[in-house]
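Asker: Data: data10.csv, CSV, C-alpha atoms.
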```csv
chain,number,residue,atom,x,y,z
A,1,MET,CA,0.0,0.0,0.0
A,2,SER,CA,1.4,3.4,-1.0
A,3,LEU,CA,1.6,6.3,1.4
A,4,PRO,CA,-1.3,8.8,1.2
A,5,ALA,CA,-0.8,11.6,-1.3
A,6,PRO,CA,-0.2,15.0,0.3
A,7,SER,CA,-3.4,17.1,0.4
A,8,PRO,CA,-3.2,20.9,0.1
A,9,ALA,CA,-2.1,22.4,3.3
A,10,LEU,CA,-4.4,25.4,2.6
A,11,ASP,CA,-7.5,23.2,2.5
A,12,PRO,CA,-10.0,25.1,4.7
A,13,VAL,CA,-11.2,21.7,6.0
A,14,VAL,CA,-9.3,20.4,9.0
A,15,ARG,CA,-8.9,16.6,8.9
A,16,HIS,CA,-6.6,15.8,11.9
A,17,LEU,CA,-6.9,16.2,15.6
A,18,TYR,CA,-4.3,15.9,18.4
A,19,VAL,CA,-5.6,15.6,22.0
A,20,HIS,CA,-3.1,16.1,24.8
A,21,VAL,CA,-3.7,14.1,28.0
A,22,PRO,CA,-1.1,15.5,30.5
A,23,PHE,CA,-1.5,12.9,33.3
A,24,CYS,CA,1.1,10.3,34.1
A,25,PRO,CA,1.6,7.7,36.8
A,26,THR,CA,5.2,9.0,37.3
A,27,ILE,CA,7.4,11.5,35.5
A,28,CYS,CA,10.3,9.8,33.6
A,29,PRO,CA,13.7,11.3,34.2
A,30,TYR,CA,14.2,12.1,30.5
A,31,CYS,CA,10.8,13.7,29.9
A,32,ASP,CA,10.4,17.4,29.1
A,33,PHE,CA,6.8,17.2,27.9
A,34,HIS,CA,3.9,19.0,29.7
A,35,VAL,CA,3.0,16.2,32.1
A,36,LEU,CA,1.9,15.9,35.7
A,37,THR,CA,0.6,13.3,38.1
A,38,ARG,CA,-3.1,13.3,38.9
A,39,ARG,CA,-4.6,14.9,41.9
A,40,ALA,CA,-8.1,14.8,43.3
A,41,GLY,CA,-10.6,16.7,41.1
A,42,LEU,CA,-8.0,17.6,38.5
A,43,VAL,CA,-9.0,15.1,35.8
A,44,GLU,CA,-12.6,16.0,36.2
A,45,ARG,CA,-11.8,19.7,35.6
A,46,TYR,CA,-9.7,18.7,32.7
A,47,LEU,CA,-12.6,16.8,31.1
A,48,GLU,CA,-15.0,19.7,31.6
A,49,GLN,CA,-12.7,22.2,30.0
A,50,LEU,CA,-11.9,19.7,27.1
A,51,GLU,CA,-15.6,19.7,26.3
A,52,VAL,CA,-15.7,23.5,26.2
A,53,GLU,CA,-12.6,23.7,24.0
A,54,ALA,CA,-13.9,21.0,21.6
A,55,ALA,CA,-17.1,23.0,21.2
A,56,GLY,CA,-15.2,26.1,20.5
A,57,LEU,CA,-13.0,24.4,17.8
A,58,ALA,CA,-16.1,23.0,16.2
A,59,ALA,CA,-17.7,26.4,16.0
A,60,ALA,CA,-14.5,28.0,14.6
A,61,TYR,CA,-13.5,25.5,11.9
A,62,THR,CA,-14.9,23.2,9.3
A,63,VAL,CA,-13.8,19.8,10.6
A,64,GLU,CA,-14.0,16.4,8.8
A,65,LEU,CA,-11.6,14.2,10.7
A,66,ASP,CA,-9.5,11.5,9.1
A,67,THR,CA,-7.3,10.9,12.1
A,68,VAL,CA,-7.4,11.4,15.9
A,69,TYR,CA,-4.3,11.0,18.1
A,70,LEU,CA,-4.4,10.9,21.9
A,71,GLY,CA,-0.9,11.7,23.2
A,72,GLY,CA,0.6,12.8,26.5
A,73,GLY,CA,1.4,12.2,29.1
A,74,THR,CA,-0.2,8.8,29.3
A,75,PRO,CA,-3.7,8.7,27.8
A,76,SER,CA,-4.1,5.0,28.8
A,77,PHE,CA,-3.6,6.1,32.4
A,78,LEU,CA,-7.1,7.6,32.4
A,79,ARG,CA,-9.7,5.4,34.0
A,80,ASP,CA,-12.2,3.7,31.7
A,81,GLU,CA,-15.0,6.1,32.4
A,82,GLU,CA,-12.7,9.1,32.1
A,83,LEU,CA,-11.5,8.0,28.7
A,84,ALA,CA,-15.0,7.3,27.6
A,85,ALA,CA,-16.0,10.8,28.6
A,86,LEU,CA,-13.1,12.3,26.6
A,87,VAL,CA,-14.0,10.3,23.5
A,88,GLY,CA,-17.6,11.4,24.0
A,89,SER,CA,-16.7,15.0,24.0
A,90,VAL,CA,-14.6,14.6,20.8
A,91,ARG,CA,-17.3,12.7,19.0
A,92,ARG,CA,-20.1,15.1,20.0
A,93,HIS,CA,-18.3,18.2,18.7
A,94,LEU,CA,-15.7,17.2,16.2
A,95,GLY,CA,-16.5,13.6,15.1
A,96,TRP,CA,-14.1,10.8,14.9
A,97,GLY,CA,-11.3,9.7,12.5
A,98,ARG,CA,-12.4,7.9,9.4
A,99,VAL,CA,-9.0,6.5,8.7
A,100,GLU,CA,-7.0,6.1,11.9
A,101,ASN,CA,-7.5,6.7,15.7
A,102,THR,CA,-4.4,6.3,17.9
A,103,LEU,CA,-4.1,5.9,21.6
A,104,GLU,CA,-0.7,6.2,23.3
A,105,VAL,CA,-0.3,3.4,25.8
A,106,ASN,CA,1.9,2.7,28.7
A,107,PRO,CA,2.6,-1.1,29.0
A,108,GLY,CA,1.7,-1.1,32.7
A,109,THR,CA,-1.9,0.1,32.0
A,110,VAL,CA,-2.8,-2.8,29.6
A,111,SER,CA,-5.2,-5.7,30.4
A,112,GLY,CA,-7.4,-7.7,28.1
A,113,ALA,CA,-10.5,-6.0,29.4
A,114,ARG,CA,-9.0,-2.5,29.0
A,115,ALA,CA,-7.8,-3.2,25.5
A,116,ALA,CA,-11.3,-4.4,24.5
A,117,HIS,CA,-12.8,-1.2,26.1
A,118,TRP,CA,-10.4,1.0,24.0
A,119,ARG,CA,-11.3,-0.8,20.9
A,120,ALA,CA,-15.0,-0.4,21.7
A,121,LEU,CA,-14.4,3.4,22.1
A,122,GLY,CA,-13.1,3.5,18.5
A,123,PHE,CA,-9.4,3.3,18.8
A,124,ASP,CA,-7.7,1.1,16.1
A,125,ARG,CA,-4.0,1.9,16.6
A,126,ALA,CA,-1.9,1.8,19.7
A,127,SER,CA,1.4,3.5,20.2
A,128,VAL,CA,3.1,1.6,23.0
A,129,GLY,CA,5.9,3.1,25.1
A,130,VAL,CA,8.0,0.0,25.2
A,131,GLN,CA,11.4,1.9,25.1
A,132,SER,CA,13.3,-1.4,25.7
A,133,LEU,CA,12.8,-5.1,26.3
A,134,ASP,CA,15.8,-5.2,28.7
A,135,ASP,CA,15.0,-4.8,32.4
A,136,ALA,CA,18.3,-3.0,33.3
A,137,THR,CA,17.7,-0.5,30.5
A,138,LEU,CA,14.1,0.1,31.6
A,139,LYS,CA,15.3,0.7,35.2
A,140,PHE,CA,17.9,3.2,34.0
A,141,LEU,CA,15.2,5.0,32.0
A,142,GLY,CA,13.0,5.2,35.1
A,143,ARG,CA,10.2,3.2,33.5
A,144,GLN,CA,7.7,1.6,35.8
A,145,HIS,CA,7.0,-1.4,33.6
A,146,ASP,CA,9.4,-4.4,33.0
A,147,ALA,CA,10.2,-6.3,29.9
A,148,ALA,CA,7.6,-9.0,30.6
A,149,GLN,CA,4.8,-6.3,30.9
A,150,ALA,CA,5.9,-4.7,27.7
A,151,ARG,CA,5.7,-8.0,25.8
A,152,ASP,CA,2.3,-8.9,27.3
A,153,ALA,CA,0.9,-5.4,26.5
A,154,VAL,CA,1.9,-5.6,22.8
A,155,THR,CA,0.6,-9.2,22.5
A,156,THR,CA,-2.7,-8.3,24.2
A,157,LEU,CA,-3.2,-5.2,22.0
A,158,ILE,CA,-2.5,-7.1,18.8
A,159,GLY,CA,-4.9,-9.8,20.0
A,160,GLU,CA,-7.6,-7.2,20.3
A,161,GLY,CA,-7.1,-6.1,16.7
A,162,PHE,CA,-5.0,-3.0,17.2
A,163,ARG,CA,-2.4,-1.9,14.7
A,164,VAL,CA,0.5,-1.6,17.1
A,165,SER,CA,3.5,0.7,17.0
A,166,GLY,CA,6.3,0.2,19.5
A,167,ASP,CA,8.5,3.0,20.7
A,168,LEU,CA,12.2,2.4,21.4
A,169,ILE,CA,14.8,4.7,22.9
A,170,THR,CA,18.3,4.3,21.5
A,171,ALA,CA,21.8,5.4,22.6
A,172,VAL,CA,21.2,4.2,26.2
A,173,PRO,CA,24.4,3.1,27.9
A,174,ARG,CA,24.8,-0.7,27.8
A,175,GLN,CA,21.5,-1.2,26.0
A,176,PRO,CA,21.2,-4.4,24.0
A,177,LEU,CA,19.7,-2.5,21.0
A,178,LEU,CA,19.7,-5.3,18.4
A,179,SER,CA,18.0,-7.6,20.9
A,180,ASP,CA,15.4,-4.9,21.6
A,181,ILE,CA,14.7,-4.5,17.9
A,182,GLN,CA,14.5,-8.2,17.2
A,183,GLY,CA,12.3,-8.8,20.2
A,184,LEU,CA,9.9,-6.1,19.3
A,185,VAL,CA,9.5,-7.3,15.8
A,186,ASP,CA,9.0,-10.9,16.9
A,187,LEU,CA,6.0,-9.7,18.9
A,188,GLY,CA,4.3,-8.7,15.7
A,189,VAL,CA,4.4,-4.9,15.6
A,190,GLY,CA,3.9,-3.3,12.2
A,191,HIS,CA,5.6,0.0,13.1
A,192,VAL,CA,8.6,1.1,15.2
A,193,SER,CA,9.4,4.6,16.3
A,194,ALA,CA,13.1,4.8,17.4
A,195,TYR,CA,14.2,7.9,19.2
A,196,THR,CA,17.7,8.8,20.5
A,197,LEU,CA,17.9,9.4,24.2
A,198,THR,CA,18.0,13.2,24.5
A,199,ILE,CA,19.0,15.1,27.7
A,200,GLU,CA,16.8,18.2,27.9
A,201,PRO,CA,17.5,21.0,30.4
A,202,GLY,CA,15.4,20.8,33.5
A,203,THR,CA,14.9,17.1,33.4
A,204,GLU,CA,16.0,14.7,36.1
A,205,PHE,CA,18.7,13.3,33.8
A,206,ALA,CA,20.0,16.8,33.2
A,207,ARG,CA,20.2,17.4,37.0
A,208,ARG,CA,22.1,14.1,37.4
A,209,GLY,CA,24.6,15.0,34.7
A,210,VAL,CA,23.6,12.2,32.4
A,211,THR,CA,25.1,12.6,28.9
A,212,VAL,CA,24.8,11.0,25.5
A,213,GLN,CA,27.9,10.7,23.3
A,214,GLU,CA,27.5,11.6,19.7
A,215,ASP,CA,29.2,8.4,18.6
A,216,ASP,CA,26.6,6.4,20.5
A,217,GLU,CA,23.9,8.5,19.0
A,218,ARG,CA,25.1,7.9,15.5
A,219,ARG,CA,25.7,4.2,16.1
A,220,GLY,CA,22.1,3.8,17.3
A,221,PHE,CA,20.9,5.7,14.3
A,222,GLU,CA,22.7,3.4,11.9
A,223,GLU,CA,22.2,0.1,13.7
A,224,THR,CA,18.5,0.7,14.0
A,225,GLU,CA,18.1,1.3,10.3
A,226,ALA,CA,20.2,-1.7,9.3
A,227,ALA,CA,18.4,-4.1,11.6
A,228,LEU,CA,14.8,-3.0,10.8
A,229,THR,CA,15.5,-2.8,7.1
A,230,ALA,CA,16.8,-6.4,7.2
A,231,LEU,CA,13.6,-7.4,9.0
A,232,GLY,CA,11.3,-6.0,6.3
A,233,PHE,CA,10.6,-2.5,7.6
A,234,THR,CA,11.0,0.7,5.6
A,235,ARG,CA,12.4,3.8,7.1
A,236,TYR,CA,9.8,6.2,5.8
A,237,GLU,CA,10.8,9.1,8.2
A,238,VAL,CA,14.0,9.9,10.1
A,239,SER,CA,12.8,8.1,13.3
A,240,ASN,CA,10.0,5.9,12.0
A,241,TYR,CA,9.9,2.5,10.4
A,242,ALA,CA,6.9,0.6,9.0
A,243,ARG,CA,5.8,-2.5,7.2
A,244,PRO,CA,3.9,-1.7,4.0
A,245,GLY,CA,0.6,0.0,4.9
A,246,GLN,CA,1.5,0.5,8.6
A,247,GLU,CA,2.7,4.1,8.4
A,248,SER,CA,1.2,6.5,10.9
A,249,ARG,CA,-1.4,8.5,8.9
A,250,HIS,CA,-1.7,11.0,11.7
A,251,ASN,CA,2.0,11.8,11.9
A,252,LEU,CA,2.2,12.0,8.1
A,253,ALA,CA,-0.2,15.0,8.4
A,254,TYR,CA,2.5,16.8,10.4
A,255,TRP,CA,5.3,15.9,8.0
A,256,GLN,CA,3.3,16.8,4.9
A,257,GLY,CA,2.3,20.2,6.3
A,258,ARG,CA,-1.4,19.6,6.7
A,259,THR,CA,-3.5,21.6,9.2
A,260,TYR,CA,-4.6,19.9,12.4
A,261,LEU,CA,-6.4,20.8,15.6
A,262,GLY,CA,-4.7,20.9,19.0
A,263,LEU,CA,-7.0,20.1,21.9
A,264,GLY,CA,-6.0,20.1,25.6
A,265,PRO,CA,-3.3,21.8,27.7
A,266,GLY,CA,0.0,22.4,26.0
A,267,ALA,CA,-1.4,21.1,22.7
A,268,ALA,CA,-0.1,22.6,19.5
A,269,GLY,CA,-2.2,23.0,16.3
A,270,HIS,CA,-1.7,24.2,12.8
A,271,TYR,CA,-4.9,26.0,11.6
A,272,PRO,CA,-6.3,27.5,8.4
A,273,ALA,CA,-6.0,31.3,8.5
A,274,GLU,CA,-9.1,33.2,9.3
A,275,GLY,CA,-11.0,34.6,6.3
A,276,GLY,CA,-10.8,31.7,3.9
A,277,ALA,CA,-8.5,29.0,2.6
A,278,ARG,CA,-5.6,31.3,1.8
A,279,GLY,CA,-6.1,33.8,4.6
A,280,THR,CA,-4.7,37.3,4.1
A,281,GLU,CA,-2.0,38.4,1.7
A,282,ASP,CA,0.7,37.9,4.3
A,283,MET,CA,-0.8,35.0,6.3
A,284,LEU,CA,-1.3,31.5,5.0
A,285,THR,CA,-1.9,29.6,8.2
A,286,VAL,CA,-1.7,30.0,12.0
A,287,ARG,CA,0.1,28.0,14.6
A,288,ARG,CA,-1.3,28.0,18.1
A,289,THR,CA,0.0,26.5,21.3
A,290,ASN,CA,-2.3,26.1,24.3
A,291,PRO,CA,-1.2,27.2,27.8
A,292,HIS,CA,-0.2,24.6,30.3
A,293,LEU,CA,-2.9,23.0,32.5
A,294,HIS,CA,-3.6,25.6,35.1
A,295,GLY,CA,-3.8,28.4,32.7
A,296,TRP,CA,-5.8,26.3,30.2
A,297,LEU,CA,-8.3,25.4,32.8
A,298,THR,CA,-9.2,29.1,33.2
A,299,GLY,CA,-9.7,29.5,29.5
A,300,ALA,CA,-6.5,31.6,29.1
A,301,ALA,CA,-5.4,32.2,25.5
A,302,GLY,CA,-2.3,30.4,24.3
A,303,GLU,CA,0.3,31.6,21.9
A,304,ALA,CA,-0.5,32.3,18.2
A,305,GLU,CA,1.9,32.8,15.3
A,306,ALA,CA,0.8,33.9,11.9
A,307,ILE,CA,2.6,31.9,9.2
A,308,ASP,CA,3.5,33.8,6.0
A,309,ALA,CA,4.6,32.2,2.7
A,310,THR,CA,8.3,32.2,3.6
A,311,GLU,CA,7.9,30.6,7.0
A,312,PHE,CA,5.3,28.2,5.5
A,313,VAL,CA,8.0,27.0,3.0
A,314,THR,CA,10.8,26.6,5.5
A,315,ASP,CA,8.5,24.8,7.9
A,316,ALA,CA,7.4,22.5,5.0
A,317,LEU,CA,11.0,21.8,4.1
A,318,PHE,CA,12.1,21.1,7.6
A,319,MET,CA,9.2,18.7,8.2
A,320,GLY,CA,9.0,17.2,4.7
A,321,LEU,CA,12.7,16.5,4.4
A,322,ARG,CA,12.3,14.1,7.4
A,323,LEU,CA,10.4,11.9,5.0
A,324,ARG,CA,12.0,9.4,2.7
A,325,ALA,CA,9.6,10.7,0.0
A,326,GLY,CA,10.9,14.2,0.5
A,327,VAL,CA,9.2,17.3,-0.7
A,328,ASN,CA,7.6,18.1,-4.1
A,329,LEU,CA,8.8,21.6,-4.8
A,330,ALA,CA,6.2,22.3,-7.5
A,331,ASP,CA,3.4,21.3,-5.1
A,332,LEU,CA,5.0,23.4,-2.4
A,333,SER,CA,5.2,26.4,-4.8
A,334,ARG,CA,1.5,26.0,-5.6
A,335,ARG,CA,0.5,25.9,-1.9
A,336,SER,CA,2.7,28.8,-0.8
A,337,GLY,CA,2.6,31.1,-3.8
A,338,LEU,CA,6.4,31.2,-3.9
A,339,ASP,CA,8.7,29.9,-6.6
A,340,VAL,CA,10.5,27.6,-4.2
A,341,ALA,CA,13.0,26.1,-6.6
A,342,GLY,CA,14.0,29.6,-7.8
A,343,VAL,CA,14.0,31.4,-4.4
A,344,TYR,CA,16.0,28.6,-2.8
A,345,ALA,CA,18.2,27.6,-5.7
A,346,ALA,CA,21.4,28.4,-3.9
A,347,PRO,CA,20.9,26.3,-0.7
A,348,ILE,CA,19.5,23.5,-2.8
A,349,ALA,CA,22.6,23.5,-5.0
A,350,GLN,CA,25.0,23.8,-2.1
A,351,ASN,CA,23.5,20.9,-0.2
A,352,VAL,CA,23.2,18.7,-3.3
A,353,ALA,CA,26.9,19.3,-3.9
A,354,ARG,CA,27.7,18.4,-0.3
A,355,GLY,CA,25.8,15.1,-0.7
A,356,LEU,CA,23.2,16.1,1.9
A,357,LEU,CA,20.2,16.5,-0.6
A,358,THR,CA,19.2,15.1,-3.9
A,359,LEU,CA,17.0,16.8,-6.5
A,360,ASP,CA,15.2,14.5,-9.0
A,361,GLY,CA,12.9,16.7,-11.1
A,362,ASP,CA,10.7,18.5,-8.6
A,363,ARG,CA,11.4,16.0,-5.8
A,364,LEU,CA,13.8,17.2,-3.1
A,365,ARG,CA,15.0,14.6,-0.7
A,366,ALA,CA,17.6,14.3,2.1
A,367,THR,CA,20.3,11.7,1.9
A,368,PRO,CA,21.1,9.5,4.9
A,369,ASP,CA,24.0,11.9,5.7
A,370,GLY,CA,21.5,14.8,5.2
A,371,TRP,CA,19.1,13.3,7.7
A,372,TRP,CA,21.9,13.2,10.3
A,373,VAL,CA,22.5,17.0,10.0
A,374,LEU,CA,19.0,18.1,8.9
A,375,ASN,CA,18.9,21.1,11.2
A,376,ARG,CA,22.1,22.4,9.6
A,377,VAL,CA,20.7,21.8,6.1
A,378,VAL,CA,17.5,23.7,6.8
A,379,THR,CA,19.5,26.6,8.4
A,380,ASP,CA,20.9,27.3,4.9
A,381,PHE,CA,17.3,27.9,3.7
A,382,LEU,CA,16.6,30.2,6.6
A,383,GLU,CA,19.5,32.4,5.6
A,384,ILE,CA,18.0,33.4,2.3
```
Hey, can you dump this file as structure tokens for me?
Answerer:
Amino acid sequence: MSLPAPSPALDPVVRHLYVHVPFCPTICPYCDFHVLTRRAGLVERYLEQLEVEAAGLAAAYTVELDTVYLGGGTPSFLRDEELAALVGSVRRHLGWGRVENTLEVNPGTVSGARAAHWRALGFDRASVGVQSLDDATLKFLGRQHDAAQARDAVTTLIGEGFRVSGDLITAVPRQPLLSDIQGLVDLGVGHVSAYTLTIEPGTEFARRGVTVQEDDERRGFEETEAALTALGFTRYEVSNYARPGQESRHNLAYWQGRTYLGLGPGAAGHYPAEGGARGTEDMLTVRRTNPHLHGWLTGAAGEAEAIDATEFVTDALFMGLRLRAGVNLADLSRRSGLDVAGVYAAPIAQNVARGLLTLDGDRLRATPDGWWVLNRVVTDFLEI
């Protein structure tokens, strides 16, 4: 099955929804997302405000959802009746995904009964935070589940009919990475997301002085691709691998520059500009980020950024070059109104000469070396 063809980013209809659930059983030492542990009454207030925000989004935009993605945090940490209430709010005001509906899952929250409940609510894809199948590695990462729980969770979800993606963290000291990869594939997952351990300021790992060596990062990057490719997976994005037809349709919306709604505290969204499909002369789309939980509960406004044609193009290049398919420059020109190949001829030529990009007709792609230094490549486009 081929990947979905990119749809115009300036389509006035919004087809994708991200819902942020900030609650976690514990906070992992490497995590810098907007997460917190639950307290009495807080989830109830969250669900009430979620209903209000969903109604507001429905009133403001034309919505025909293809995908829904519940991320966090730990959405599967919500109790059954709480998750049912959340899904009810989304369905009442915004509908439900016609193509794919993903629930992020912590292995320690899975049981046969709960997996069946999630399927009955309408979720058909689970993104499972396995991270490793080695108990020592999981302990180092501060995960609360062990390898046996991770295996059981994946097996249970597949048995309930979920398409399952497994997350792995690479470049962890003394991690048996190849064993982790083989073990995850043997469980039957159709998709693997492999992320390098990153030490972010303010996290517990940063306070402890944990570091990741660049050589270990590069080795994990290369070994993951070699192992998963040999096992029949395609690296369709920098950090994501899939068997045919198992790509994340929701995440493709981000990488292909489509608009999407952001619902919940800290959620980011990419919206059609007010006033029609193309917005004003100097604004094509709007990016909005909701405030964190306590501000969001009061209805406080988040941050909004108008995206003009130049920023639209550089965003599209940064995200699109993460894909193996790359970016169609003619399509991007049509969507942005800029002559992309002409305006950016110099950085394209420079990076092609360096072996970091390839240009085949209108199709611009990053090479494997280009993927490794993609931030540096895109910086050249920002300097025009």
Asker: What's around Leu332 (chain A) at 12 Å? Count only C-alpha atoms, leave out sequence neighbours fewer than 4 positions away in its own chain, and write the answer as a list in words.
Answerer: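 Final neighbour list, sorted by chain and number: Pro6, Ser7, Pro8, Ala9, Leu10, Gln256, Gly257, Arg258, Ala309, Thr310, Phe312, Val313, Thr314, Asp315, Ala316, Leu317, Gly320, Gly326, Val327, Asn328, Ser336, Gly337, Leu338, Asp339, Val340, Ala341, Asp362, Arg363 and Leu364 of chain A.
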Asker: Which is closer to His93 (chain A) than all the others in A:Val105, A:Ala54, A:Val238, A:Cys24, using only C-alpha atoms?
Answerer: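 Residue with the minimum atom-to-atom distance to His93 (chain A): A:Ala54.
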Asker: Tell me which of A:Tyr46, A:Ser127, A:Ile384, A:Thr67 sits closest to Thr298 (chain A), counting all atoms listed in the file.
Answerer: A:Tyr46
Asker: Can you tell me which residues surround Gln213 (chain A) at a distance of at most 12 Å, considering only C-alpha atoms, apart from same-chain residues fewer than 2 positions away, and format the answer as a count of residues only?
Answerer: 16
Asker: Using all atoms listed in the file, which residues of region 49-130 of chain A come within 10 Å of region 184-195 of chain A, and what is the closest atom pair for each, with the distance in Å to one decimal? Give it as JSON lines, sorted by chain and residue number.
Answerer:
```
{"residue": "A:Ser127", "atom": "CA", "partner": "A:His191", "partner_atom": "CA", "distance": 9.0}
{"residue": "A:Val128", "atom": "CA", "partner": "A:Val192", "partner_atom": "CA", "distance": 9.6}
{"residue": "A:Gly129", "atom": "CA", "partner": "A:Ser193", "partner_atom": "CA", "distance": 9.6}
{"residue": "A:Val130", "atom": "CA", "partner": "A:Leu184", "partner_atom": "CA", "distance": 8.7}
```
Asker: Please determine, counting all atoms listed in the file, which residue among A:Gly342, A:Gly56, A:Gly41, A:Gly355 has the shortest atom-to-atom distance to Trp372 (chain A).
Answerer: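 Among A:Gly342, A:Gly56, A:Gly41, A:Gly355, it is A:Gly355 that comes nearest to Trp372 (chain A).
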Asker: Need the shell around Arg39 (chain A): protein/DNA/RNA residues with any atom at most 12 Å away, counting all atoms listed in the file. Skip same-chain ones fewer than 4 positions apart. Format as a list in words?
Answerer: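 Once the adjacent positions are removed, what remains is Pro22, Phe23, Cys24, Pro25, Val43, Glu44, Arg45 and Tyr46 of chain A.
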Asker: Calculated over only C-alpha atoms, which of the candidates A:Ala60, A:Ala136, A:Val90, A:Ile169 has the smallest distance to Gly264 (chain A)?
Answerer: A:Val90
Asker: What does the structure give for the distance between CA of Asp360 (chain A) and CA of Arg322 (chain A), in Å to one decimal?
Answerer: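 Taking CA of Asp360 (chain A) as the start and CA of Arg322 (chain A) as the end point, the length is 16.7 Å.
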Asker: Could you state the separation of CA of Gly302 (chain A) and CA of Thr289 (chain A) in Å, given to one decimal place?
Answerer: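 These atoms are spaced 5.4 Å apart.
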Asker: Rank A:Gly161, A:Leu57, A:Arg151, A:Glu100 by their smallest atom-to-atom distance to Ala120 (chain A), using all atoms listed in the file, and report the top residue only.
Answerer: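 So, comparing all the options, the nearest one is A:Gly161.
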Asker: Identify which of the residues A:Ala148, A:Val377, A:Thr259, A:Ala85 lies closest to Leu65 (chain A), counting all atoms listed in the file when measuring atom-to-atom distances.
Answerer: A:Thr259
Asker: Just the residues within 12 Å of Leu133 (chain A), please, counting all atoms listed in the file, with nothing from its chain fewer than 6 positions along; format it as a ChimeraX atom specification.
Answerer: /A:107,139,141,143,145-154,166-170,175-187
Asker: What is the CA of Glu104 (chain A)-CA of Asp124 (chain A) distance in Å, reported with one decimal?
Answerer: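 Interatomic distance here is 11.3 Å.
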Asker: Taking 4 positions as the minimum chain separation for residues in the same chain, which residues sit within 9 Å of Glu225 (chain A) when counting all atoms listed in the file? Answer as a PyMOL selection string.
Answerer: chain A and resi 220-221+229-230+233-235+241
